[in-house]
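**Q** Sharing structure.cif here; it has mmCIF, C-alpha atoms and all ligand atoms.
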```
data_structure
loop_
_atom_site.label_atom_id
_atom_site.label_comp_id
_atom_site.auth_asym_id
_atom_site.auth_seq_id
_atom_site.Cartn_x
_atom_site.Cartn_y
_atom_site.Cartn_z
CA MET A 1 109.00 142.73 113.07
CA LYS A 2 107.92 144.96 110.18
CA PHE A 3 109.37 145.89 106.85
CA LEU A 4 108.85 149.35 105.45
CA CYS A 5 109.24 150.55 101.87
CA ILE A 6 111.60 153.51 102.28
CA ASP A 7 110.38 155.30 99.15
CA CYS A 8 106.70 155.05 100.06
CA ASP A 9 107.01 154.94 103.84
CA ALA A 10 104.45 152.16 103.65
CA GLN A 11 104.44 148.91 105.53
CA MET A 12 105.31 146.04 103.23
CA SER A 13 102.59 143.45 103.23
CA TYR A 14 103.43 139.85 103.85
CA GLN A 15 103.14 137.73 100.74
CA GLU A 16 104.42 134.24 101.28
CA ARG A 17 106.70 132.27 103.46
CA ARG A 18 108.71 129.13 102.97
CA GLN A 19 110.13 126.75 105.48
CA PRO A 20 111.85 124.11 103.38
CA GLY A 21 112.40 121.90 106.40
CA ASP A 22 116.17 122.28 106.58
CA GLY A 23 115.87 124.83 109.36
CA THR A 24 116.00 127.85 107.09
CA PHE A 25 113.14 130.24 106.62
CA ALA A 26 112.21 132.67 103.87
CA ALA A 27 109.45 135.26 103.72
CA ALA A 28 108.48 137.57 100.88
CA PHE A 29 106.90 141.00 101.30
CA THR A 30 105.43 143.41 98.78
CA CYS A 31 104.94 147.17 99.02
CA PRO A 32 101.22 147.82 98.53
CA SER A 33 102.03 151.22 97.05
CA CYS A 34 104.82 150.69 94.49
CA GLY A 35 104.84 146.93 94.25
CA ARG A 36 108.48 146.54 95.29
CA ARG A 37 109.22 143.08 96.62
CA ILE A 38 111.71 142.03 99.23
CA ALA A 39 112.57 138.71 100.76
CA MET A 40 113.84 137.90 104.21
CA LEU A 41 116.05 134.87 104.64
CA ALA A 42 117.00 133.35 107.95
CA ASN A 43 119.54 130.63 108.60
CA PRO A 44 118.72 127.83 111.07
CA MET A 45 120.17 129.75 114.02
CA GLU A 46 118.19 132.86 113.20
CA THR A 47 115.06 130.86 112.52
CA GLN A 48 115.46 129.20 115.88
CA LEU A 49 115.98 132.56 117.56
CA VAL A 50 112.87 134.00 115.95
CA SER A 51 110.89 130.89 116.91
CA SER A 52 112.08 130.97 120.48
CA LEU A 53 111.08 134.62 120.78
CA GLY A 54 107.64 133.76 119.45
CA VAL A 55 107.91 136.50 116.85
CA GLN A 56 105.10 136.43 114.38
CA ILE A 57 105.92 136.78 110.73
CA GLY A 58 103.05 136.94 108.34
CA GLY A 59 100.66 136.67 111.23
CA ARG A 60 101.75 133.19 112.21
CA VAL A 61 104.20 131.97 114.75
CA LEU A 62 106.97 129.96 113.15
CA ASP A 63 106.77 126.24 113.45
CA GLU A 64 108.96 124.82 116.16
CA GLN A 65 112.18 123.37 114.84
CA PRO A 66 112.55 119.67 115.34
CA ALA A 67 114.50 118.94 118.50
CA PHE A 68 117.23 117.11 116.60
CA VAL A 69 118.05 120.27 114.61
CA ARG A 70 118.32 122.33 117.78
CA GLY A 71 120.46 119.65 119.38
CA MET A 72 122.71 119.37 116.36
CA VAL A 73 123.32 123.10 116.09
CA LYS A 74 123.97 123.36 119.79
CA ARG A 75 126.40 120.47 119.70
CA ILE A 76 128.40 122.00 116.85
CA TYR A 77 129.12 125.03 118.99
CA THR A 78 129.62 123.05 122.17
CA ASP A 79 132.16 120.78 120.47
CA TYR A 80 133.94 123.75 118.97
CA ALA A 81 134.18 125.45 122.36
CA VAL A 82 135.32 122.30 124.18
CA GLU A 83 138.06 121.63 121.62
CA ARG A 84 139.41 125.12 122.16
CA ALA A 85 138.88 125.26 125.91
CA ILE A 86 136.41 128.11 125.50
CA THR A 87 134.15 128.35 128.52
CA ASP A 88 131.56 130.84 127.29
CA ILE A 89 129.84 130.40 123.95
CA THR A 90 129.27 134.04 123.09
CA PRO A 91 127.92 135.31 119.74
CA ASP A 92 131.56 136.15 118.91
CA VAL A 93 132.59 132.56 119.48
CA MET A 94 129.70 131.36 117.34
CA ASP A 95 130.76 133.69 114.53
CA ARG A 96 134.30 132.37 114.70
CA ALA A 97 133.07 128.80 114.83
CA ARG A 98 130.97 129.29 111.70
CA THR A 99 133.97 130.77 109.87
CA ASP A 100 136.44 128.15 111.11
CA LEU A 101 134.12 125.25 110.40
CA GLY A 102 132.93 126.61 107.05
CA LEU A 103 129.36 126.88 108.28
CA GLU A 104 128.62 130.37 106.97
CA GLU A 105 125.38 129.04 105.59
CA MET A 106 124.12 128.15 109.06
ZN ZN X 201 106.87 151.29 97.90
#
```
Translate the structure described by the file into structure tokens.
Ligand SMILES: [Zn+2]

**A**
Amino acid sequence: MKFLCIDCDAQMSYQERRQPGDGTFAAAFTCPSCGRRIAMLANPMETQLVSSLGVQIGGRVLDEQPAFVRGMVKRIYTDYAVERAITDITPDVMDRARTDLGLEEM
């Protein structure tokens, strides 16, 4: 995963990252040419996805999420699907679940 400054066509350099421990993840990047800064934010699901893919951000693999967070997130979707007799938990279903359950932040 790379971030490019469109104006400069330069690769943004990684500046800092934060993992506050609630499953979310934030990383800041700066353009070495014009100094523009951007930040990438990931919710717990996205953070987990990135972790499970072993994608390196800022040259380091993300810390593994604690098992209880993974279990909790999984159970939210499983419960949602069971209550509605949904057999396949597709990304569509997960989107709907987040909206229905007011979990847009996750
Ligand atoms: Zn730039």

**Q** In Å to one decimal, how far is atom CA of Tyr14 of chain A from atom CA of Ala28 of chain A?

**A**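 Atom CA of Tyr14 of chain A lies at a distance of 6.3 Å from atom CA of Ala28 of chain A.
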
**Q** Considering all atoms listed in the file, return as a short mmCIF file (atom, residue, chain, number, x, y, z; two decimals) with C-alpha atoms, in the coordinates of the input whatever protein or nucleic-acid residues lie within 8 Å of Tyr77 of chain A, sequence-local ones (same chain, fewer than 6 positions apart) excluded.

**A**
```cif
data_model
loop_
_atom_site.label_atom_id
_atom_site.label_comp_id
_atom_site.auth_asym_id
_atom_site.auth_seq_id
_atom_site.Cartn_x
_atom_site.Cartn_y
_atom_site.Cartn_z
CA ILE A 89 129.84 130.40 123.95
CA MET A 94 129.70 131.36 117.34
CA ALA A 97 133.07 128.80 114.83
#
```

**Q** From the options A:Pro32, A:Gly71, A:Pro91, A:Gly102, which residue's atoms come nearest to ligand ZN 201 (chain X), counting only C-alpha atoms and all ligand atoms?

**A** A:Pro32

**Q** Could you report the residues within 10 Å of ligand ZN 201 (chain X), using all atoms listed in the file, as a PyMOL selection string?

**A** chain A and resi 4-12+30-37

**Q** Find the distance between atom CA of Ile76 of chain A and atom CA of Glu46 of chain A and write it in Å to one decimal.

**A** 15.3 Å

**Q** Separation of atom CA of Val93 of chain A and atom CA of Gly21 of chain A, in Å?

**A**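 Atom CA of Val93 of chain A sits 26.3 Å away from atom CA of Gly21 of chain A.
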
**Q** Rank nothing, just name the residue among A:Gln48, A:Asn43, A:Gln15, A:Thr78 nearest to Phe3 of chain A, using only C-alpha atoms.

**A**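 The answer is A:Gln15, which sits nearest to Phe3 of chain A.
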
**Q** Given all atoms listed in the file as the basis, pick out the residue of A:Thr47, A:Leu41, A:Val73, A:Ala81 nearest to Arg96 of chain A.

**A**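 Counting all atoms listed in the file, the residue closest to Arg96 of chain A is A:Ala81.
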